[in-house]
Structures are given as structure tokens and as C-alpha cells.
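Structure below is start04.cif: mmCIF, C-alpha atoms, pLDDT in the B column; chains and numbers go by the auth columns.
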```
data_my_file
loop_
_atom_site.group_PDB
_atom_site.id
_atom_site.type_symbol
_atom_site.label_atom_id
_atom_site.label_comp_id
_atom_site.label_asym_id
_atom_site.label_seq_id
_atom_site.Cartn_x
_atom_site.Cartn_y
_atom_site.Cartn_z
_atom_site.B_iso_or_equiv
_atom_site.auth_seq_id
_atom_site.auth_asym_id
ATOM 1 C CA MET A 1 12.356 36.484 -0.859 61.00 371 A
ATOM 2 C CA PRO A 2 12.262 33.069 -2.567 65.00 372 A
ATOM 3 C CA SER A 3 10.333 32.661 -5.789 68.00 373 A
ATOM 4 C CA ASN A 4 7.244 30.475 -5.799 81.00 374 A
ATOM 5 C CA ALA A 5 8.589 28.692 -8.863 84.00 375 A
ATOM 6 C CA PRO A 6 10.893 25.750 -8.143 89.00 376 A
ATOM 7 C CA PRO A 7 14.375 25.826 -9.652 90.00 377 A
ATOM 8 C CA THR A 8 14.892 24.375 -13.121 92.00 378 A
ATOM 9 C CA ILE A 9 16.642 21.014 -13.268 92.00 379 A
ATOM 10 C CA GLN A 10 19.465 21.403 -15.772 95.00 380 A
ATOM 11 C CA ALA A 11 20.844 17.857 -15.522 94.00 381 A
ATOM 12 C CA ILE A 12 20.615 14.669 -13.478 92.00 382 A
ATOM 13 C CA ARG A 13 23.461 12.187 -13.496 93.00 383 A
ATOM 14 C CA PRO A 14 24.027 8.927 -11.607 92.00 384 A
ATOM 15 C CA LEU A 15 26.854 9.052 -9.060 92.00 385 A
ATOM 16 C CA ALA A 16 26.546 5.670 -7.296 92.00 386 A
ATOM 17 C CA GLU A 17 24.109 2.783 -7.060 89.00 387 A
ATOM 18 C CA THR A 18 23.692 -0.165 -4.694 86.00 388 A
ATOM 19 C CA ARG A 19 21.007 -2.782 -4.200 79.00 389 A
ATOM 20 C CA LEU A 20 19.019 -0.314 -2.061 75.00 390 A
ATOM 21 C CA PHE A 21 20.194 3.194 -2.939 79.00 391 A
ATOM 22 C CA ARG A 22 20.876 5.395 -5.932 85.00 392 A
ATOM 23 C CA VAL A 23 22.802 8.638 -5.502 90.00 393 A
ATOM 24 C CA GLU A 24 22.261 11.302 -8.158 90.00 394 A
ATOM 25 C CA GLY A 25 23.931 14.587 -8.915 91.00 395 A
ATOM 26 C CA VAL A 26 21.369 17.286 -9.750 92.00 396 A
ATOM 27 C CA ASP A 27 22.263 20.593 -11.410 93.00 397 A
ATOM 28 C CA LEU A 28 19.734 23.331 -10.573 91.00 398 A
ATOM 29 C CA ARG A 29 19.162 26.888 -11.762 92.00 399 A
ATOM 30 C CA PHE A 30 17.143 29.100 -9.420 91.00 400 A
ATOM 31 C CA ALA A 31 14.890 31.949 -10.559 89.00 401 A
ATOM 32 C CA ASN A 32 17.517 34.492 -9.449 91.00 402 A
ATOM 33 C CA GLY A 33 20.057 32.906 -11.824 91.00 403 A
ATOM 34 C CA THR A 34 22.083 31.055 -9.188 92.00 404 A
ATOM 35 C CA GLU A 35 23.256 27.637 -10.338 93.00 405 A
ATOM 36 C CA VAL A 36 24.114 24.905 -7.839 92.00 406 A
ATOM 37 C CA GLN A 37 24.863 21.201 -7.742 93.00 407 A
ATOM 38 C CA PHE A 38 23.053 18.998 -5.222 89.00 408 A
ATOM 39 C CA GLU A 39 23.385 15.323 -4.435 90.00 409 A
ATOM 40 C CA ARG A 40 20.334 13.306 -3.519 87.00 410 A
ATOM 41 C CA LEU A 41 19.303 9.789 -2.622 85.00 411 A
ATOM 42 C CA LYS A 42 16.731 8.760 -5.173 83.00 412 A
ATOM 43 C CA GLY A 43 13.814 6.874 -3.659 70.00 413 A
ATOM 44 C CA SER A 44 12.402 3.705 -5.125 68.00 414 A
ATOM 45 C CA SER A 45 9.710 4.229 -7.714 75.00 415 A
ATOM 46 C CA ASN A 46 7.087 2.465 -5.597 86.00 416 A
ATOM 47 C CA GLY A 47 7.936 4.082 -2.260 89.00 417 A
ATOM 48 C CA ALA A 48 7.382 2.613 1.172 92.00 418 A
ATOM 49 C CA VAL A 49 4.735 2.256 3.863 97.00 419 A
ATOM 50 C CA ILE A 50 4.738 2.633 7.613 97.00 420 A
ATOM 51 C CA VAL A 51 1.874 0.990 9.480 98.00 421 A
ATOM 52 C CA ALA A 52 0.355 2.503 12.614 98.00 422 A
ATOM 53 C CA ALA A 53 -1.646 -0.495 13.782 98.00 423 A
ATOM 54 C CA LEU A 54 -3.996 0.091 16.721 97.00 424 A
ATOM 55 C CA THR A 55 -5.514 -2.629 18.853 97.00 425 A
ATOM 56 C CA ALA A 56 -9.072 -2.420 20.191 96.00 426 A
ATOM 57 C CA ASP A 57 -7.478 -1.232 23.467 97.00 427 A
ATOM 58 C CA GLU A 58 -5.907 1.803 21.719 96.00 428 A
ATOM 59 C CA GLU A 59 -2.393 0.337 21.737 98.00 429 A
ATOM 60 C CA PHE A 60 0.127 0.771 18.935 98.00 430 A
ATOM 61 C CA VAL A 61 1.675 -2.453 17.653 98.00 431 A
ATOM 62 C CA LEU A 62 5.470 -2.078 17.749 98.00 432 A
ATOM 63 C CA ILE A 63 8.246 -4.308 16.520 97.00 433 A
ATOM 64 C CA ARG A 64 11.790 -4.547 17.837 95.00 434 A
ATOM 65 C CA GLU A 65 14.372 -5.135 15.137 92.00 435 A
ATOM 66 C CA TYR A 66 18.053 -4.566 14.547 92.00 436 A
ATOM 67 C CA ALA A 67 18.764 -1.185 12.939 89.00 437 A
ATOM 68 C CA CYS A 68 22.056 -1.430 11.066 86.00 438 A
ATOM 69 C CA GLY A 69 22.371 2.353 10.743 85.00 439 A
ATOM 70 C CA THR A 70 22.366 2.927 14.513 86.00 440 A
ATOM 71 C CA GLU A 71 23.944 -0.456 15.299 90.00 441 A
ATOM 72 C CA ARG A 72 21.351 -1.375 17.927 89.00 442 A
ATOM 73 C CA TYR A 73 17.903 -2.860 18.359 92.00 443 A
ATOM 74 C CA GLU A 74 15.092 -0.304 18.091 92.00 444 A
ATOM 75 C CA LEU A 75 11.365 -0.251 18.667 95.00 445 A
ATOM 76 C CA GLY A 76 9.273 1.121 15.833 95.00 446 A
ATOM 77 C CA LEU A 77 6.241 0.603 13.664 97.00 447 A
ATOM 78 C CA PRO A 78 6.088 -2.085 10.969 97.00 448 A
ATOM 79 C CA LYS A 79 7.300 -0.717 7.637 96.00 449 A
ATOM 80 C CA GLY A 80 8.647 -1.738 4.267 93.00 450 A
ATOM 81 C CA ARG A 81 8.741 -1.229 0.529 92.00 451 A
ATOM 82 C CA ILE A 82 5.672 -1.140 -1.658 94.00 452 A
ATOM 83 C CA ASP A 83 6.093 -3.973 -4.139 93.00 453 A
ATOM 84 C CA ALA A 84 5.342 -3.547 -7.831 92.00 454 A
ATOM 85 C CA GLY A 85 1.605 -3.771 -8.451 94.00 455 A
ATOM 86 C CA GLU A 86 0.678 -3.111 -4.801 95.00 456 A
ATOM 87 C CA THR A 87 -1.194 -0.133 -3.424 96.00 457 A
ATOM 88 C CA ALA A 88 0.047 1.475 -0.218 96.00 458 A
ATOM 89 C CA VAL A 89 -2.869 -0.087 1.675 97.00 459 A
ATOM 90 C CA GLU A 90 -2.112 -3.574 0.317 97.00 460 A
ATOM 91 C CA ALA A 91 1.577 -3.189 1.161 97.00 461 A
ATOM 92 C CA ALA A 92 0.686 -2.005 4.673 98.00 462 A
ATOM 93 C CA ASN A 93 -1.436 -5.063 5.367 98.00 463 A
ATOM 94 C CA ARG A 94 1.269 -7.370 3.977 97.00 464 A
ATOM 95 C CA GLU A 95 4.022 -5.734 6.069 97.00 465 A
ATOM 96 C CA LEU A 96 1.833 -5.860 9.186 98.00 466 A
ATOM 97 C CA ARG A 97 1.262 -9.593 8.610 97.00 467 A
ATOM 98 C CA GLU A 98 4.948 -10.302 7.918 96.00 468 A
ATOM 99 C CA GLU A 99 6.460 -8.249 10.721 96.00 469 A
ATOM 100 C CA ALA A 100 3.874 -8.338 13.520 97.00 470 A
ATOM 101 C CA GLY A 101 1.621 -11.299 12.750 96.00 471 A
ATOM 102 C CA PHE A 102 -1.574 -9.244 12.422 98.00 472 A
ATOM 103 C CA ALA A 103 -3.846 -8.217 9.570 98.00 473 A
ATOM 104 C CA ALA A 104 -6.387 -5.402 9.601 98.00 474 A
ATOM 105 C CA ARG A 105 -10.002 -5.272 8.503 98.00 475 A
ATOM 106 C CA ARG A 106 -9.845 -1.468 8.189 97.00 476 A
ATOM 107 C CA LEU A 107 -6.889 0.343 6.603 98.00 477 A
ATOM 108 C CA THR A 108 -6.776 4.084 5.993 97.00 478 A
ATOM 109 C CA ARG A 109 -4.013 5.922 4.131 96.00 479 A
ATOM 110 C CA LEU A 110 -3.455 9.085 6.170 96.00 480 A
ATOM 111 C CA ASN A 111 -0.422 10.936 4.911 92.00 481 A
ATOM 112 C CA GLU A 112 2.811 10.904 2.948 92.00 482 A
ATOM 113 C CA MET A 113 6.029 11.546 4.863 91.00 483 A
ATOM 114 C CA THR A 114 9.641 12.168 3.950 86.00 484 A
ATOM 115 C CA MET A 115 12.652 12.004 6.250 82.00 485 A
ATOM 116 C CA ALA A 116 15.057 14.465 4.692 82.00 486 A
ATOM 117 C CA PRO A 117 13.462 16.047 1.606 82.00 487 A
ATOM 118 C CA THR A 118 16.454 18.305 0.989 81.00 488 A
ATOM 119 C CA TYR A 119 18.559 15.361 -0.126 79.00 489 A
ATOM 120 C CA SER A 120 16.345 12.271 -0.198 81.00 490 A
ATOM 121 C CA GLY A 121 13.466 11.433 -2.513 79.00 491 A
ATOM 122 C CA GLN A 122 12.213 8.539 -0.362 85.00 492 A
ATOM 123 C CA ARG A 123 8.474 8.858 0.272 89.00 493 A
ATOM 124 C CA THR A 124 6.682 6.839 2.930 93.00 494 A
ATOM 125 C CA GLN A 125 2.908 6.400 3.043 95.00 495 A
ATOM 126 C CA LEU A 126 1.401 6.364 6.533 97.00 496 A
ATOM 127 C CA VAL A 127 -1.406 3.817 6.846 98.00 497 A
ATOM 128 C CA LEU A 128 -3.609 3.436 9.924 98.00 498 A
ATOM 129 C CA ALA A 129 -4.570 -0.207 10.531 98.00 499 A
ATOM 130 C CA GLU A 130 -7.570 -0.968 12.749 97.00 500 A
ATOM 131 C CA SER A 131 -9.778 -3.956 13.578 97.00 501 A
ATOM 132 C CA LEU A 132 -6.770 -6.245 13.888 98.00 502 A
ATOM 133 C CA TYR A 133 -6.790 -10.029 13.923 97.00 503 A
ATOM 134 C CA PRO A 134 -3.964 -12.613 14.062 97.00 504 A
ATOM 135 C CA ASP A 135 -2.653 -13.541 10.603 97.00 505 A
ATOM 136 C CA ARG A 136 1.056 -14.141 10.008 94.00 506 A
ATOM 137 C CA LEU A 137 2.835 -14.255 6.653 93.00 507 A
ATOM 138 C CA PRO A 138 6.477 -15.294 6.283 91.00 508 A
ATOM 139 C CA GLY A 139 8.636 -12.211 5.793 86.00 509 A
ATOM 140 C CA ASP A 140 12.176 -11.378 4.748 85.00 510 A
ATOM 141 C CA GLU A 141 13.557 -10.525 8.193 85.00 511 A
ATOM 142 C CA PRO A 142 16.804 -12.306 9.139 86.00 512 A
ATOM 143 C CA GLU A 143 15.478 -13.145 12.634 88.00 513 A
ATOM 144 C CA PRO A 144 12.087 -13.253 14.347 87.00 514 A
ATOM 145 C CA LEU A 145 10.852 -9.800 15.366 92.00 515 A
ATOM 146 C CA GLU A 146 9.682 -9.091 18.892 94.00 516 A
ATOM 147 C CA VAL A 147 6.185 -7.586 19.013 97.00 517 A
ATOM 148 C CA SER A 148 5.136 -5.246 21.814 96.00 518 A
ATOM 149 C CA PHE A 149 2.287 -2.852 22.484 98.00 519 A
ATOM 150 C CA LEU A 150 2.307 0.821 23.441 97.00 520 A
ATOM 151 C CA PRO A 151 -0.821 2.399 24.923 97.00 521 A
ATOM 152 C CA MET A 152 -1.574 5.580 22.984 96.00 522 A
ATOM 153 C CA ALA A 153 -1.937 7.355 26.341 96.00 523 A
ATOM 154 C CA GLU A 154 1.787 6.694 26.992 96.00 524 A
ATOM 155 C CA LEU A 155 3.034 8.093 23.666 97.00 525 A
ATOM 156 C CA ASP A 156 4.598 11.261 25.103 96.00 526 A
ATOM 157 C CA GLU A 157 6.614 9.299 27.667 96.00 527 A
ATOM 158 C CA PHE A 158 7.658 6.753 25.038 95.00 528 A
ATOM 159 C CA ALA A 159 8.855 9.474 22.664 95.00 529 A
ATOM 160 C CA ALA A 160 11.028 10.958 25.430 94.00 530 A
ATOM 161 C CA SER A 161 12.383 7.565 26.567 92.00 531 A
ATOM 162 C CA GLY A 162 14.868 7.046 23.727 87.00 532 A
ATOM 163 C CA ASP A 163 13.583 3.515 23.052 87.00 533 A
ATOM 164 C CA CYS A 164 12.692 4.642 19.523 90.00 534 A
ATOM 165 C CA SER A 165 14.849 7.074 17.566 89.00 535 A
ATOM 166 C CA GLU A 166 13.225 6.447 14.180 91.00 536 A
ATOM 167 C CA ALA A 167 11.569 9.741 13.256 92.00 537 A
ATOM 168 C CA ARG A 168 9.018 8.209 10.892 92.00 538 A
ATOM 169 C CA SER A 169 7.638 5.927 13.612 96.00 539 A
ATOM 170 C CA LEU A 170 7.420 8.742 16.146 96.00 540 A
ATOM 171 C CA ALA A 171 5.856 11.175 13.673 95.00 541 A
ATOM 172 C CA ALA A 172 3.383 8.525 12.496 97.00 542 A
ATOM 173 C CA MET A 173 2.185 7.776 16.016 97.00 543 A
ATOM 174 C CA PHE A 174 1.703 11.470 16.809 97.00 544 A
ATOM 175 C CA LEU A 175 -0.151 11.985 13.509 97.00 545 A
ATOM 176 C CA VAL A 176 -2.422 9.030 14.253 97.00 546 A
ATOM 177 C CA ARG A 177 -3.134 10.323 17.741 97.00 547 A
ATOM 178 C CA ALA A 178 -4.080 13.732 16.294 96.00 548 A
ATOM 179 C CA TYR A 179 -6.219 12.042 13.616 95.00 549 A
ATOM 180 C CA ARG A 180 -8.051 9.961 16.236 93.00 550 A
ATOM 181 C CA GLN A 181 -8.602 13.009 18.469 92.00 551 A
ATOM 182 C CA GLN A 182 -10.017 14.937 15.499 92.00 552 A
ATOM 183 C CA ARG A 183 -12.340 12.043 14.650 88.00 553 A
ATOM 184 C CA GLN A 184 -13.545 11.920 18.251 87.00 554 A
ATOM 185 C CA ARG A 185 -14.226 15.690 18.275 87.00 555 A
ATOM 186 C CA GLU A 186 -16.156 15.443 15.005 87.00 556 A
ATOM 187 C CA GLY A 187 -18.124 12.461 16.322 82.00 557 A
ATOM 188 C CA ALA A 188 -18.999 14.339 19.502 62.00 558 A
ATOM 189 C CA ALA A 189 -20.144 17.439 17.604 50.00 559 A
#
```

The structure in this file should be written as C-alpha cells.
Amino acid sequence: MPSNAPPTIQAIRPLAETRLFRVEGVDLRFANGTEVQFERLKGSSNGAVIVAALTADEEFVLIREYACGTERYELGLPKGRIDAGETAVEAANRELREEAGFAARRLTRLNEMTMAPTYSGQRTQLVLAESLYPDRLPGDEPEPLEVSFLPMAELDEFAASGDCSEARSLAAMFLVRAYRQQRQREGAA
């Protein structure tokens, strides 16, 4: 049975670094004495946000952008890095304005998500954006992003459609739906 204590980090050394990524070698010693070497992608110190923006009609605001990793255009939620000096909520509103052309009067940080915690330290803050209004900021995208809307009631079908393969976007929308359902139950009680 695993120990409750995490392994001891013996050493961390840089292996490679680019403009966006840093790969580290990490030497660990587990409580049972086993020593191993892992490699991990080190996340940025500020982290990132993903914005689940909901219209008054209970529709998610989606963007369609080119995903270099999958070499195709994908639908997903607005997202981006948290800049130095920004809170997750401030970054969420900025990214929503830059990528989708909306701002929100009500922003709620719901959760922190990771994609592959075994080898990546990237942390993404999920922010729910409500009470939307048009407000565009210039962004850093290489081409204009297409904005579309997904009724929350169609989320299951959308997830099965293959139009979005980005796990953070899918997980965020399901988490928001569960959050909204819980709020409705508590309001009805």
C-alpha cells in the first residue's frame, strides 16, 4: 500500500527549455526506499485560465481556433496564460474579451485543473463567466477566431461529436453544468 507521504525530491535539473516549455529531470526517493528519475513539463509560475462563459440563454461561448498539436481547427473554451500581476479572474475576463469579444459582470473561480499531473505541472484555473456583454480587446491570435454558442442542454451530444477533443474544455463544461445544477437544487430547497 502506498505511503501517505509524498516521495522526497532528491534533485531537479533542467533538461530543455523553449519559449513555452521547460522540461526538468526529477530524482525521487519513495518511502519504501525506491529511487526513480522522472521527467516533467514545468508549468509557468502564473498558470493559465479557461473561461466557461454562459449567455443568458444558458449557452457556452466557444471559439474555433487552429490547434497546432492536433494539426486541425478545434472548438473549445477561451483560455490563456495568467499574466504577471493578474488574478485568475482578471485573466479570465481579459481572455474572454480578446478571444470571444465578450466581458462578464460576474466571474467565479470554480476549480483548478491539470491535464496530465504525472508529468506536467501546468495548472489551469476554471472561471465561470456570467452576465456577458460585448466588449472586445485586441489579442495575440494570428487570425480572427470564430465564435459559436453551445446550448448547455446539448453538451452530451457535443462531447460525443468529436468537434472538441480538448479535455480541459470538455471537463470545464461538465463541471460548470454540475455546479449550475447544484446551485439550482440549493435554490429550490

**Report entry** Residue with smallest distance to Glu524 (chain A) - pool A:Glu556, A:Pro448, A:Phe430, A:Ile420, counting all atoms listed in the file
**Finding:** A:Phe430

Report task. Would you please work out which residue, of A:Ala529, A:Ala499, A:Ala541, A:Arg399, is nearest to Leu424 (chain A) when using all atoms listed in the file? Result ->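 Closest to Leu424 (chain A) of all the choices is A:Ala499.
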
List the neighbours of Arg476 (chain A) out to 9 Å using all atoms listed in the file; skip same-chain residues closer than 4 positions along the sequence, and give me the result as a compact mmCIF listing (two decimals) with C-alpha atoms, keeping the file's coordinate frame.
```
# COMPACT_ATOMS: atom_id res chain seq x y z
CA LEU A 498 -3.61 3.44 9.92
CA ALA A 499 -4.57 -0.21 10.53
CA GLU A 500 -7.57 -0.97 12.75
CA SER A 501 -9.78 -3.96 13.58
CA LEU A 502 -6.77 -6.24 13.89
```

Requested in this report: Give as number ranges by chain the residues that the PyMOL selection byres ((chain A and resi 483) around 9) matches when applied to the coordinates above.
Outcome: A: 481-482, 484-485, 492-496, 538, 541-542

Query raised in the report: Can you list, as a ChimeraX atom specification, the residues that the PyMOL selection byres ((chain A and resi 522) around 9) selects here?
Result: /A:424,428-430,520-521,523-526,543,547

Would you put the residues from that selection into a file with C-alpha atoms, as a compact mmCIF listing (two decimals), in the coordinates of the input?
```txt
# COMPACT_ATOMS: atom_id res chain seq x y z
CA LEU A 424 -4.00 0.09 16.72
CA GLU A 428 -5.91 1.80 21.72
CA GLU A 429 -2.39 0.34 21.74
CA PHE A 430 0.13 0.77 18.93
CA LEU A 520 2.31 0.82 23.44
CA PRO A 521 -0.82 2.40 24.92
CA ALA A 523 -1.94 7.36 26.34
CA GLU A 524 1.79 6.69 26.99
CA LEU A 525 3.03 8.09 23.67
CA ASP A 526 4.60 11.26 25.10
CA MET A 543 2.18 7.78 16.02
CA ARG A 547 -3.13 10.32 17.74
```

Requested in this report: Between CA of Glu536 (chain A) and CA of Val497 (chain A), measure the distance and give it in Å to one decimal.
Outcome: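 Computed distance, CA of Glu536 (chain A) to CA of Val497 (chain A), equals 16.6 Å.
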
Query raised in the report: Given the choices A:Asn402, A:Ser490, A:Gln554, A:Ser518, which gets closest to Arg434 (chain A) if the distance is worked out from all atoms listed in the file?
Result: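 So, comparing all the options, the nearest one is A:Ser518.
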
Query raised in the report: Which one of A:Thr378, A:Thr478, A:Ser535, A:Asn463 sits closest to Lys449 (chain A) if you count all atoms listed in the file?
Result: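 The closest residue to Lys449 (chain A) is A:Asn463.
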